[in-house]
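Some notes on the structure that comes next.
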Amino acid sequence: MTIGDVRIDGPLVLGPMAGFSHLPLRILCRRAGAHLVCSEMVAVEGLVRDNRKSFSLLRSHPSERPVSMQIFGAEPQSMAAAVPHLEAAGADIIDINMGCPVPKVLKARGGSALMRDPDRAVAIVSAVVKAARLPVTCKIRAGSHEGDESYLELGVRLQEAGAAAVAIHARTITQGFSGEADHRLTARLVEALRIPVIASGDVFTPTMPLAILQDTGCAGVMIARGAVGRPWVFSQANEVLAGRRPPSDPPTAFRLGVALCQAQMLQQQSDEHTAVHQMRAHLAWYSKGLPGGAGLRRECNKARTLEDLRQLAEEFARAEATAGE
């Protein structure tokens with residue numbers, strides 16, 4: 001897959017997720033076999049106003065490249081003004097969010113609100129493309145509501161405005177994250193565009209990327225929530241793409257070891273308190289499906305230090321190993 005002049009070694013993409021696709025998870029997913037990773041969604045108004053928290057979301061590392069950094073906003077000038085910050089932060093691709101259905105984002109006329117204001121959406125892409133030396137992409141949804149085909153026309157207009165690729169979450173705006181993604185709609189966008197289309201939505205198992213690639217003809221597949229607490233899903237999916245059976249999920253000790261590695265990286269980029277607080281949510285995903293995982297999650301919510309988390313993880317893995325003897 002080639003996006004602009006950026007060559008991507010394969011079709012597997014870590015999708016952007018607020019609160020989850022931070023630098024440590026992106027590095028872990030790249031190590032596991034993701035071919036492209038995307039940052040959390042960053043508000044451009046925070047960048048142009050020199051907001052420290054907004055800039056913290058732009059932290060990057062050479063080991064994660066190529067990396068796409070996603071922004072959202074409603075004003076073409078502000079979106080264009082954010083471009084130098086993204087380039088300085090090490091972005092290889094700039095992605096514009098036009099699919100987020102969260103009320104706070106909609107109220108600011110960003111995210112999927114832009115799909116209901118296509119002229120503004122096109123003006124934003126044109127402004128960012130003009131300001132950037134990097135490829136510019138967009139992430140949209142499959143229309144406003146069921147039966148709405150306006151996403152096809154918007155995709156064509158974004159392509160004409162200079163977008164180098166379009167990712168589509170195959171749910172409508174009104175669906176939010178409910179119901180099921182309909183990748184027949186992804187296939188229709190693929191037919192309408194010349195630029196690469198990346199499929200997103202309900203990719204939770206290692207076999208799904210290959211099935212979506214074959215069914216839709218898309219150039220890439222995003223794994224988002226399916227990679228939270230399971231970065232190894234990319235290595236499993238790569239096995240399927242190579243025509244082999246995906247390996248089983250790793251044992252508990254390995255899973256929790258990866259979680260602790262993520263916690264340590266979070267501490268390095270912020271502080272211990274923040275790392276522990278964030279890892280409570282991530283550990284809920286790492287422990288999902290494990291016997292006794294609910295108890296581990298309860299105890300982790302009481303943790304105050306990384307040492308607390310390490311001891312809990314080791315005790316849990318040790319108890320499971322003893323029970324299996």
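Each chain of the structure tokens is named A, B, ... in the order shown, its residues numbered from 1; ligands are numbered from 1 in display order.
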
Next on the checklist: Taking only segment 49-280 of chain A into account, list the residues labelled strand (DSSP E or B) by DSSP (computed from the backbone), as a PyMOL selection string.
Outcome noted: chain A and resi 67-72+93-97+136-141+165-169+197-200+220-223

Output N, CA and C atoms of each residue in that selection to a file, as a PDB file, in the first residue's frame.
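Written file, selection.pdb:
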```pdb
ATOM      1  N   VAL A  67       4.162   6.636  10.881  1.00  0.00           N
ATOM      2  CA  VAL A  67       3.081   6.964  11.802  1.00  0.00           C
ATOM      3  C   VAL A  67       2.198   8.048  11.184  1.00  0.00           C
ATOM      4  N   SER A  68       0.900   7.863  11.321  1.00  0.00           N
ATOM      5  CA  SER A  68      -0.080   8.853  10.899  1.00  0.00           C
ATOM      6  C   SER A  68      -0.578   9.584  12.135  1.00  0.00           C
ATOM      7  N   MET A  69      -0.607  10.904  12.083  1.00  0.00           N
ATOM      8  CA  MET A  69      -1.117  11.679  13.212  1.00  0.00           C
ATOM      9  C   MET A  69      -2.452  12.291  12.823  1.00  0.00           C
ATOM     10  N   GLN A  70      -3.460  12.014  13.669  1.00  0.00           N
ATOM     11  CA  GLN A  70      -4.821  12.429  13.342  1.00  0.00           C
ATOM     12  C   GLN A  70      -5.211  13.707  14.075  1.00  0.00           C
ATOM     13  N   ILE A  71      -5.834  14.616  13.340  1.00  0.00           N
ATOM     14  CA  ILE A  71      -6.299  15.876  13.910  1.00  0.00           C
ATOM     15  C   ILE A  71      -7.789  16.040  13.652  1.00  0.00           C
ATOM     16  N   PHE A  72      -8.411  16.883  14.490  1.00  0.00           N
ATOM     17  CA  PHE A  72      -9.798  17.244  14.209  1.00  0.00           C
ATOM     18  C   PHE A  72     -10.006  18.717  14.504  1.00  0.00           C
ATOM     19  N   ILE A  93       2.276  10.911   7.874  1.00  0.00           N
ATOM     20  CA  ILE A  93       0.984  11.129   7.224  1.00  0.00           C
ATOM     21  C   ILE A  93       0.138  11.976   8.167  1.00  0.00           C
ATOM     22  N   ILE A  94      -0.665  12.871   7.611  1.00  0.00           N
ATOM     23  CA  ILE A  94      -1.612  13.663   8.400  1.00  0.00           C
ATOM     24  C   ILE A  94      -3.015  13.160   8.085  1.00  0.00           C
ATOM     25  N   ASP A  95      -3.740  12.764   9.123  1.00  0.00           N
ATOM     26  CA  ASP A  95      -5.097  12.249   8.937  1.00  0.00           C
ATOM     27  C   ASP A  95      -6.106  13.218   9.541  1.00  0.00           C
ATOM     28  N   ILE A  96      -7.203  13.441   8.826  1.00  0.00           N
ATOM     29  CA  ILE A  96      -8.255  14.351   9.283  1.00  0.00           C
ATOM     30  C   ILE A  96      -9.455  13.523   9.712  1.00  0.00           C
ATOM     31  N   ASN A  97      -9.868  13.707  10.954  1.00  0.00           N
ATOM     32  CA  ASN A  97     -11.002  12.952  11.471  1.00  0.00           C
ATOM     33  C   ASN A  97     -12.309  13.573  11.007  1.00  0.00           C
ATOM     34  N   VAL A 136      -1.971  13.636   2.962  1.00  0.00           N
ATOM     35  CA  VAL A 136      -3.121  13.930   3.816  1.00  0.00           C
ATOM     36  C   VAL A 136      -4.203  12.894   3.546  1.00  0.00           C
ATOM     37  N   THR A 137      -4.726  12.314   4.595  1.00  0.00           N
ATOM     38  CA  THR A 137      -5.779  11.316   4.475  1.00  0.00           C
ATOM     39  C   THR A 137      -6.985  11.741   5.309  1.00  0.00           C
ATOM     40  N   CYS A 138      -8.097  11.031   5.142  1.00  0.00           N
ATOM     41  CA  CYS A 138      -9.314  11.330   5.888  1.00  0.00           C
ATOM     42  C   CYS A 138      -9.925  10.038   6.402  1.00  0.00           C
ATOM     43  N   LYS A 139     -10.586  10.125   7.545  1.00  0.00           N
ATOM     44  CA  LYS A 139     -11.345   8.993   8.072  1.00  0.00           C
ATOM     45  C   LYS A 139     -12.801   9.419   8.182  1.00  0.00           C
ATOM     46  N   ILE A 140     -13.678   8.683   7.494  1.00  0.00           N
ATOM     47  CA  ILE A 140     -15.089   9.036   7.423  1.00  0.00           C
ATOM     48  C   ILE A 140     -15.938   7.868   7.928  1.00  0.00           C
ATOM     49  N   ARG A 141     -17.250   8.073   7.892  1.00  0.00           N
ATOM     50  CA  ARG A 141     -18.211   7.010   8.197  1.00  0.00           C
ATOM     51  C   ARG A 141     -19.060   6.712   6.964  1.00  0.00           C
ATOM     52  N   ALA A 165      -5.624   9.113   0.625  1.00  0.00           N
ATOM     53  CA  ALA A 165      -6.295   7.871   0.985  1.00  0.00           C
ATOM     54  C   ALA A 165      -7.491   8.229   1.854  1.00  0.00           C
ATOM     55  N   VAL A 166      -8.454   7.309   1.906  1.00  0.00           N
ATOM     56  CA  VAL A 166      -9.630   7.502   2.765  1.00  0.00           C
ATOM     57  C   VAL A 166      -9.858   6.224   3.561  1.00  0.00           C
ATOM     58  N   ALA A 167      -9.994   6.374   4.875  1.00  0.00           N
ATOM     59  CA  ALA A 167     -10.392   5.253   5.726  1.00  0.00           C
ATOM     60  C   ALA A 167     -11.876   5.398   6.021  1.00  0.00           C
ATOM     61  N   ILE A 168     -12.593   4.291   6.008  1.00  0.00           N
ATOM     62  CA  ILE A 168     -14.028   4.337   6.268  1.00  0.00           C
ATOM     63  C   ILE A 168     -14.395   3.377   7.383  1.00  0.00           C
ATOM     64  N   HIS A 169     -14.999   3.919   8.430  1.00  0.00           N
ATOM     65  CA  HIS A 169     -15.611   3.087   9.468  1.00  0.00           C
ATOM     66  C   HIS A 169     -16.987   2.713   8.933  1.00  0.00           C
ATOM     67  N   VAL A 197      -8.322   2.840  -0.179  1.00  0.00           N
ATOM     68  CA  VAL A 197      -9.378   2.861   0.830  1.00  0.00           C
ATOM     69  C   VAL A 197      -8.981   1.880   1.932  1.00  0.00           C
ATOM     70  N   ILE A 198      -9.090   2.329   3.180  1.00  0.00           N
ATOM     71  CA  ILE A 198      -8.751   1.495   4.346  1.00  0.00           C
ATOM     72  C   ILE A 198     -10.032   1.198   5.103  1.00  0.00           C
ATOM     73  N   ALA A 199     -10.293  -0.077   5.330  1.00  0.00           N
ATOM     74  CA  ALA A 199     -11.519  -0.507   6.006  1.00  0.00           C
ATOM     75  C   ALA A 199     -11.347  -0.460   7.511  1.00  0.00           C
ATOM     76  N   SER A 200     -12.408  -0.046   8.201  1.00  0.00           N
ATOM     77  CA  SER A 200     -12.390   0.019   9.663  1.00  0.00           C
ATOM     78  C   SER A 200     -13.751  -0.412  10.190  1.00  0.00           C
ATOM     79  N   GLY A 220      -6.169  -1.554   2.716  1.00  0.00           N
ATOM     80  CA  GLY A 220      -5.707  -1.781   4.071  1.00  0.00           C
ATOM     81  C   GLY A 220      -6.869  -2.008   5.012  1.00  0.00           C
ATOM     82  N   VAL A 221      -6.560  -2.543   6.189  1.00  0.00           N
ATOM     83  CA  VAL A 221      -7.574  -2.824   7.203  1.00  0.00           C
ATOM     84  C   VAL A 221      -7.089  -2.291   8.539  1.00  0.00           C
ATOM     85  N   MET A 222      -7.950  -1.516   9.202  1.00  0.00           N
ATOM     86  CA  MET A 222      -7.627  -0.985  10.519  1.00  0.00           C
ATOM     87  C   MET A 222      -8.086  -1.940  11.610  1.00  0.00           C
ATOM     88  N   ILE A 223      -7.190  -2.201  12.538  1.00  0.00           N
ATOM     89  CA  ILE A 223      -7.550  -2.893  13.770  1.00  0.00           C
ATOM     90  C   ILE A 223      -7.440  -1.853  14.876  1.00  0.00           C
TER      91      ILE A 223
END
```

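Residues within 8 Å of Arg280 of chain A, counting only C-alpha atoms and excluding same-chain residues fewer than 4 positions away, are Val276, Ala284, Arg297, Cys300 and Asn301 of chain A.
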
Please dump the current selection as a PDB file, in the first residue's frame; keep N, CA and C atoms.
```pdb
ATOM      1  N   VAL A 276      -0.069   4.579  35.959  1.00  0.00           N
ATOM      2  CA  VAL A 276      -0.904   3.620  36.693  1.00  0.00           C
ATOM      3  C   VAL A 276      -2.382   3.872  36.403  1.00  0.00           C
ATOM      4  N   ALA A 284      -7.772  -3.940  31.966  1.00  0.00           N
ATOM      5  CA  ALA A 284      -9.093  -4.552  31.821  1.00  0.00           C
ATOM      6  C   ALA A 284      -9.187  -5.307  30.501  1.00  0.00           C
ATOM      7  N   ARG A 297      -8.814  -7.307  37.832  1.00  0.00           N
ATOM      8  CA  ARG A 297      -9.186  -5.932  37.499  1.00  0.00           C
ATOM      9  C   ARG A 297      -9.581  -5.146  38.750  1.00  0.00           C
ATOM     10  N   CYS A 300      -6.379  -4.287  40.540  1.00  0.00           N
ATOM     11  CA  CYS A 300      -5.600  -3.279  39.805  1.00  0.00           C
ATOM     12  C   CYS A 300      -6.164  -1.884  40.004  1.00  0.00           C
ATOM     13  N   ASN A 301      -7.465  -1.780  40.194  1.00  0.00           N
ATOM     14  CA  ASN A 301      -8.070  -0.472  40.425  1.00  0.00           C
ATOM     15  C   ASN A 301      -7.648   0.135  41.767  1.00  0.00           C
TER      16      ASN A 301
END
```

Give me, as CSV, each residue of segment 14-132 of chain A that comes within 12 Å of segment 254-268 of chain A, together with its shortest interatomic pair and the distance in Å at one decimal, counting only C-alpha atoms, with rows ordered by chain and rising residue number.
```
residue,atom,partner,partner_atom,distance
A:Phe20,CA,A:Gln262,CA,11.3
A:Ser21,CA,A:Gln262,CA,11.5
A:His22,CA,A:Leu266,CA,8.7
A:Leu23,CA,A:Leu266,CA,8.1
A:Pro24,CA,A:Gln262,CA,5.7
A:Leu25,CA,A:Gln262,CA,6.7
A:Arg26,CA,A:Gln262,CA,9.9
A:Ile27,CA,A:Gln262,CA,9.1
A:Leu28,CA,A:Gln262,CA,7.7
A:Cys29,CA,A:Gln262,CA,10.8
A:Arg31,CA,A:Val258,CA,11.4
A:Ala32,CA,A:Val258,CA,11.0
A:Ser56,CA,A:Leu266,CA,11.9
A:Arg59,CA,A:Leu266,CA,11.5
A:His61,CA,A:Met265,CA,11.8
```

Item to check | Exercise: segment 80-84 of chain A partners within 9 Å, only C-alpha atoms, chain neighbours under 5 positions left out, as a PyMOL selection string | outcome: chain A and resi 44-45+47-48+71+75+89+94+124-125+127-133

Put those residues in a file: N, CA and C atoms, as a PDB file, in the first residue's frame.
```
ATOM      1  N   VAL A  44      -6.947  20.510  16.919  1.00  0.00           N
ATOM      2  CA  VAL A  44      -6.029  21.510  16.352  1.00  0.00           C
ATOM      3  C   VAL A  44      -6.072  22.812  17.146  1.00  0.00           C
ATOM      4  N   GLU A  45      -7.207  23.125  17.754  1.00  0.00           N
ATOM      5  CA  GLU A  45      -7.276  24.363  18.525  1.00  0.00           C
ATOM      6  C   GLU A  45      -6.288  24.317  19.693  1.00  0.00           C
ATOM      7  N   LEU A  47      -3.404  22.800  19.571  1.00  0.00           N
ATOM      8  CA  LEU A  47      -2.067  22.990  18.998  1.00  0.00           C
ATOM      9  C   LEU A  47      -1.806  24.455  18.691  1.00  0.00           C
ATOM     10  N   VAL A  48      -2.764  25.123  18.075  1.00  0.00           N
ATOM     11  CA  VAL A  48      -2.528  26.518  17.695  1.00  0.00           C
ATOM     12  C   VAL A  48      -2.525  27.434  18.918  1.00  0.00           C
ATOM     13  N   ILE A  71      -5.834  14.616  13.340  1.00  0.00           N
ATOM     14  CA  ILE A  71      -6.299  15.876  13.910  1.00  0.00           C
ATOM     15  C   ILE A  71      -7.789  16.040  13.652  1.00  0.00           C
ATOM     16  N   GLU A  75     -12.264  24.546  11.368  1.00  0.00           N
ATOM     17  CA  GLU A  75     -11.884  25.723  10.593  1.00  0.00           C
ATOM     18  C   GLU A  75     -10.688  25.408   9.693  1.00  0.00           C
ATOM     19  N   ALA A  89       6.712  17.086  14.691  1.00  0.00           N
ATOM     20  CA  ALA A  89       6.577  15.980  15.634  1.00  0.00           C
ATOM     21  C   ALA A  89       6.975  14.639  15.024  1.00  0.00           C
ATOM     22  N   ILE A  94      -0.665  12.871   7.611  1.00  0.00           N
ATOM     23  CA  ILE A  94      -1.612  13.663   8.400  1.00  0.00           C
ATOM     24  C   ILE A  94      -3.015  13.160   8.085  1.00  0.00           C
ATOM     25  N   ILE A 124     -11.442  22.111   4.221  1.00  0.00           N
ATOM     26  CA  ILE A 124     -10.417  21.733   5.198  1.00  0.00           C
ATOM     27  C   ILE A 124      -9.338  20.890   4.545  1.00  0.00           C
ATOM     28  N   VAL A 125      -9.736  19.881   3.771  1.00  0.00           N
ATOM     29  CA  VAL A 125      -8.746  19.029   3.099  1.00  0.00           C
ATOM     30  C   VAL A 125      -7.888  19.855   2.156  1.00  0.00           C
ATOM     31  N   ALA A 127      -7.139  23.011   2.329  1.00  0.00           N
ATOM     32  CA  ALA A 127      -6.237  23.877   3.090  1.00  0.00           C
ATOM     33  C   ALA A 127      -5.073  23.085   3.678  1.00  0.00           C
ATOM     34  N   VAL A 128      -5.354  21.903   4.208  1.00  0.00           N
ATOM     35  CA  VAL A 128      -4.293  21.101   4.816  1.00  0.00           C
ATOM     36  C   VAL A 128      -3.342  20.572   3.749  1.00  0.00           C
ATOM     37  N   VAL A 129      -3.880  20.121   2.630  1.00  0.00           N
ATOM     38  CA  VAL A 129      -3.039  19.636   1.532  1.00  0.00           C
ATOM     39  C   VAL A 129      -2.107  20.746   1.043  1.00  0.00           C
ATOM     40  N   LYS A 130      -2.634  21.943   0.920  1.00  0.00           N
ATOM     41  CA  LYS A 130      -1.833  23.073   0.448  1.00  0.00           C
ATOM     42  C   LYS A 130      -0.711  23.414   1.425  1.00  0.00           C
ATOM     43  N   ALA A 131      -0.988  23.241   2.736  1.00  0.00           N
ATOM     44  CA  ALA A 131      -0.006  23.620   3.759  1.00  0.00           C
ATOM     45  C   ALA A 131       1.022  22.531   4.025  1.00  0.00           C
ATOM     46  N   ALA A 132       0.719  21.295   3.649  1.00  0.00           N
ATOM     47  CA  ALA A 132       1.540  20.157   4.074  1.00  0.00           C
ATOM     48  C   ALA A 132       2.496  19.671   2.993  1.00  0.00           C
ATOM     49  N   ARG A 133       3.636  19.165   3.453  1.00  0.00           N
ATOM     50  CA  ARG A 133       4.553  18.453   2.567  1.00  0.00           C
ATOM     51  C   ARG A 133       4.314  16.945   2.652  1.00  0.00           C
TER      52      ARG A 133
END
```

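The protein and nucleic acid residues lying at most 12 Å from Gly293 of chain A are Thr252, Leu256, Leu283, Ala284, Trp285, Tyr286, Ser287, Lys288, Gly289, Leu290, Leu296, Arg297, Arg298, Glu299, Cys300, Leu312, Ala313, Phe316, Ala317, Ala319 and Glu320 of chain A, with only C-alpha atoms considered and sequence neighbours fewer than 3 positions away removed.
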
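Nearest-residue note for Val42 of chain A: choosing from A:Arg65, A:His183, A:His85, A:Arg157, the minimum distance belongs to A:His85, counting only C-alpha atoms.
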
Checklist entry - Can you list every residue in segment 250-315 of chain A that DSSP puts in helix (DSSP H, G or I), as a ChimeraX atom specification? => result /A:252-269,272-286,293-300,306-315

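Interatomic distance, atom CA of Met17 of chain A to atom CA of Val228 of chain A: 9.5 Å.
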
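For the pair atom CA of His35 of chain A and atom CA of Pro66 of chain A, the separation is 7.7 Å.
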